[in-house]
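Structure first, commentary second.
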Amino acid sequence: MKKLPLACTLAAIAFALPAAACNTGIRPNGTEPNEEIGTLPPAIIIPSETPLPETGATEKLPNEEPNTEEPPVTEEPPATEAPPAEEPADTVKPQPPETPKRTEYLKINASSLTVRTGAGTSYSALGSVEKNILMKYTGKTDDWYETAYRGKKAYVSAKYASVVSLEKADAEVEAVVENGLKFIGTPYVYGATRLHDGKGKLLTGFTTAKFDCSSLMQYIFYNGADVLLNMTTRTQILQGKAVKSDDLKRGDLMFFTNASRKNNTGIERVGHVALYLGDNYILHTASDYAKIEQISSQRWSYFIQARRMV
């Protein structure tokens, strides 16, 4: 059935209300009710505050309206480069190992080389040195190397010597070594007068013109490191710190026995002392003069102990 417009419906309801009040069920003139009009339905009371929908309008459920608004665009912050990672403050970068410092010496290549007072054969001879020993190296003049011999400046021919090097130690040890280098060639004299009595009291009669092994060590440690060594090898071995042979360092004292004492016991076996320089070299004085030479196999067989004084 075709729906009437809302306005017509309301008008029909308003018209029917008074008629219904006096309706007897009989139409005037004895006519039957008009079937097309039909019986009106009871009145429907619509609250005035309720809005009336317009004809043909489609009611929409809440939240069903399409969202025509575009969602807000969230702007991303501009990309920034990440700062480089900082190293912890207490991180220490590894440093490359330092190259050990070395000191140069003259190595004698002739079986016997004359040591002279000047750079030339016209200068007087001070003495001679044997093959393979080391001497102090301080420079070169023409074909002559400058060195030290018996406490004086001296020269040897560069034709019969070469420059070699040994690893250096700390300044205190090097000062001890330097004091010994000056006296290469100084004659050995058994029982030579010591510089001091072992407690620092200087002795009369001392001279640098002669040394035995323990007096030479006492002298160079006193002047190089202010260390007071006792007067003999058998009392010097009781000083300092014991060092194993495989832990020898430049500046350590090495104590040996000898042919006349090797069968003794205790410290009575001790008969010689030398200053270790490294690479199997020792500075010492024995039966002839002060020198730097390699430790021979025979001397190694006499080795007793090493002591570190500085």
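Just so we're on the same page: first chain in the structure tokens is A, next is B, and so on; residues restart at 1 for each chain, and ligands are numbered from 1 in the order they show up.
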Shell around segment 148-154 of chain A at 6 Å using only C-alpha atoms, local window under 3 positions removed, as a list in words: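 The residues that qualify are Arg116, Thr117, Lys136, Lys182, Phe183, Ile184, Gly185 and Thr186 of chain A.
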Generate a file of the selected residues that holds N, CA and C atoms, formatted as a short mmCIF file (atom, residue, chain, number, x, y, z; two decimals), in the first residue's frame.
data_model
loop_
_atom_site.label_atom_id
_atom_site.label_comp_id
_atom_site.auth_asym_id
_atom_site.auth_seq_id
_atom_site.Cartn_x
_atom_site.Cartn_y
_atom_site.Cartn_z
N ARG A 116 145.96 3.98 20.35
CA ARG A 116 146.85 5.14 20.25
C ARG A 116 146.22 6.39 20.88
N THR A 117 147.06 7.37 21.10
CA THR A 117 146.61 8.61 21.73
C THR A 117 145.92 9.54 20.74
N LYS A 136 134.44 1.08 24.40
CA LYS A 136 133.54 2.23 24.30
C LYS A 136 133.65 2.87 22.92
N LYS A 182 135.30 3.35 30.99
CA LYS A 182 136.48 4.22 30.97
C LYS A 182 137.77 3.48 31.29
N PHE A 183 137.61 2.35 31.97
CA PHE A 183 138.82 1.68 32.48
C PHE A 183 139.17 0.40 31.73
N ILE A 184 138.62 0.26 30.51
CA ILE A 184 139.05 -0.86 29.67
C ILE A 184 140.57 -0.74 29.45
N GLY A 185 141.24 -1.85 29.65
CA GLY A 185 142.71 -1.85 29.48
C GLY A 185 143.48 -1.62 30.77
N THR A 186 142.80 -1.21 31.84
CA THR A 186 143.48 -0.99 33.12
C THR A 186 143.99 -2.32 33.67
#
Find the residues near Val270 of chain A: any atom within 6 Å, counting only C-alpha atoms, skip ones fewer than 5 places away on the same chain, and give them as a PyMOL selection string. chain A and resi 234+256-257
With C-alpha atoms retained, export the selected residues as a short mmCIF file (atom, residue, chain, number, x, y, z; two decimals), in the first residue's frame.
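Output below, filename selection23.cif:
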data_model
loop_
_atom_site.label_atom_id
_atom_site.label_comp_id
_atom_site.auth_asym_id
_atom_site.auth_seq_id
_atom_site.Cartn_x
_atom_site.Cartn_y
_atom_site.Cartn_z
CA ARG A 234 132.65 -13.31 49.21
CA PHE A 256 131.86 -17.33 39.82
CA THR A 257 134.23 -19.79 41.38
#
Using only C-alpha atoms, find each residue of segment 154-223 of chain A with at least one atom at most 10 Å away from an atom of segment 283-290 of chain A; report its shortest atom-to-atom pair and that distance in Å (one decimal), sort the rows by chain and rising residue number, and return the result as a tab-separated table.
residue	atom	partner	partner_atom	distance
A:Val177	CA	A:Leu283	CA	8.3
A:Gly180	CA	A:Leu283	CA	7.4
A:Leu181	CA	A:Leu283	CA	8.1
A:Lys182	CA	A:Ala290	CA	9.7
A:Phe183	CA	A:Ala290	CA	6.5
A:Ile184	CA	A:Ala290	CA	4.8
A:Gly185	CA	A:Ala290	CA	5.1
A:Thr186	CA	A:Tyr289	CA	5.2
A:Pro187	CA	A:Tyr289	CA	4.2
A:Tyr188	CA	A:Tyr289	CA	4.8
A:Val189	CA	A:Ser287	CA	8.0
A:Tyr190	CA	A:Ser287	CA	8.4
A:Lys210	CA	A:Tyr289	CA	8.6
A:Phe211	CA	A:Thr285	CA	7.4
A:Asp212	CA	A:Thr285	CA	6.2
A:Cys213	CA	A:Thr285	CA	5.2
A:Ser214	CA	A:Thr285	CA	8.8
A:Ser215	CA	A:Thr285	CA	9.7
A:Leu216	CA	A:Thr285	CA	7.6
A:Met217	CA	A:His284	CA	8.0
Would you mind telling me which residue in A:Leu166, A:Met309, A:Ile282, A:Leu195 lies nearest to Ala225 of chain A when using only C-alpha atoms? A:Met309
Please, which residues of segment 60-255 of chain A, numbered as in this document, come out helix (DSSP H, G or I) from DSSP, as a short mmCIF file (atom, residue, chain, number, x, y, z; two decimals) with C-alpha atoms, in the first residue's frame?
data_model
loop_
_atom_site.label_atom_id
_atom_site.label_comp_id
_atom_site.auth_asym_id
_atom_site.auth_seq_id
_atom_site.Cartn_x
_atom_site.Cartn_y
_atom_site.Cartn_z
CA ALA A 158 138.56 1.57 11.82
CA LYS A 159 140.04 -0.98 9.42
CA TYR A 160 140.28 -3.50 12.24
CA ALA A 171 119.78 5.54 33.53
CA GLU A 172 121.09 4.26 36.85
CA VAL A 173 122.41 1.03 35.36
CA GLU A 174 123.86 2.89 32.38
CA ALA A 175 125.74 5.20 34.72
CA VAL A 176 127.34 2.16 36.36
CA VAL A 177 128.30 0.72 32.97
CA GLU A 178 129.69 4.05 31.78
CA ASN A 179 132.01 4.24 34.77
CA GLY A 180 133.38 0.81 33.89
CA LEU A 181 133.90 1.55 30.18
CA CYS A 213 137.52 -7.78 40.09
CA SER A 214 135.79 -6.78 43.34
CA SER A 215 137.50 -3.38 43.66
CA LEU A 216 136.43 -2.48 40.10
CA MET A 217 132.79 -3.40 40.85
CA GLN A 218 132.90 -1.45 44.11
CA TYR A 219 134.23 1.64 42.33
CA ILE A 220 131.74 1.72 39.43
CA PHE A 221 128.67 1.12 41.65
CA TYR A 222 129.79 3.83 44.08
CA ASN A 223 130.29 6.44 41.35
CA GLY A 224 127.46 5.33 39.08
CA ALA A 225 124.62 4.53 41.49
CA THR A 233 133.54 -11.09 46.23
CA ARG A 234 132.65 -13.31 49.21
CA THR A 235 130.93 -10.45 51.01
CA GLN A 236 129.48 -8.76 47.91
CA SER A 245 120.56 -17.18 35.38
CA ASP A 246 117.60 -17.14 32.95
CA ASP A 247 116.48 -13.78 34.39
#
Skipping near chain neighbours, those fewer than 3 positions away, what residues fall within 12 Å of Ser111 of chain A using only C-alpha atoms, listed as a list in words? Lys107, Ile108, Thr114, Ser128, Val129, Glu130, Lys131, Asn132, Ile133, Tyr160 and Ala161 of chain A
Pairwise distance for atom CA of Met254 of chain A and atom CA of Met135 of chain A, rounded to one decimal in Å: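 Atom-to-atom, atom CA of Met254 of chain A to atom CA of Met135 of chain A, that is 20.0 Å.
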Nearest to Gln294 of chain A, restricted to only C-alpha atoms and choosing among A:Leu248, A:Ala274, A:Leu253, A:Leu113, comes out as A:Ala274
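Across the structure, atom CA of Met231 of chain A and atom CA of Ser301 of chain A are spaced 24.7 Å apart.
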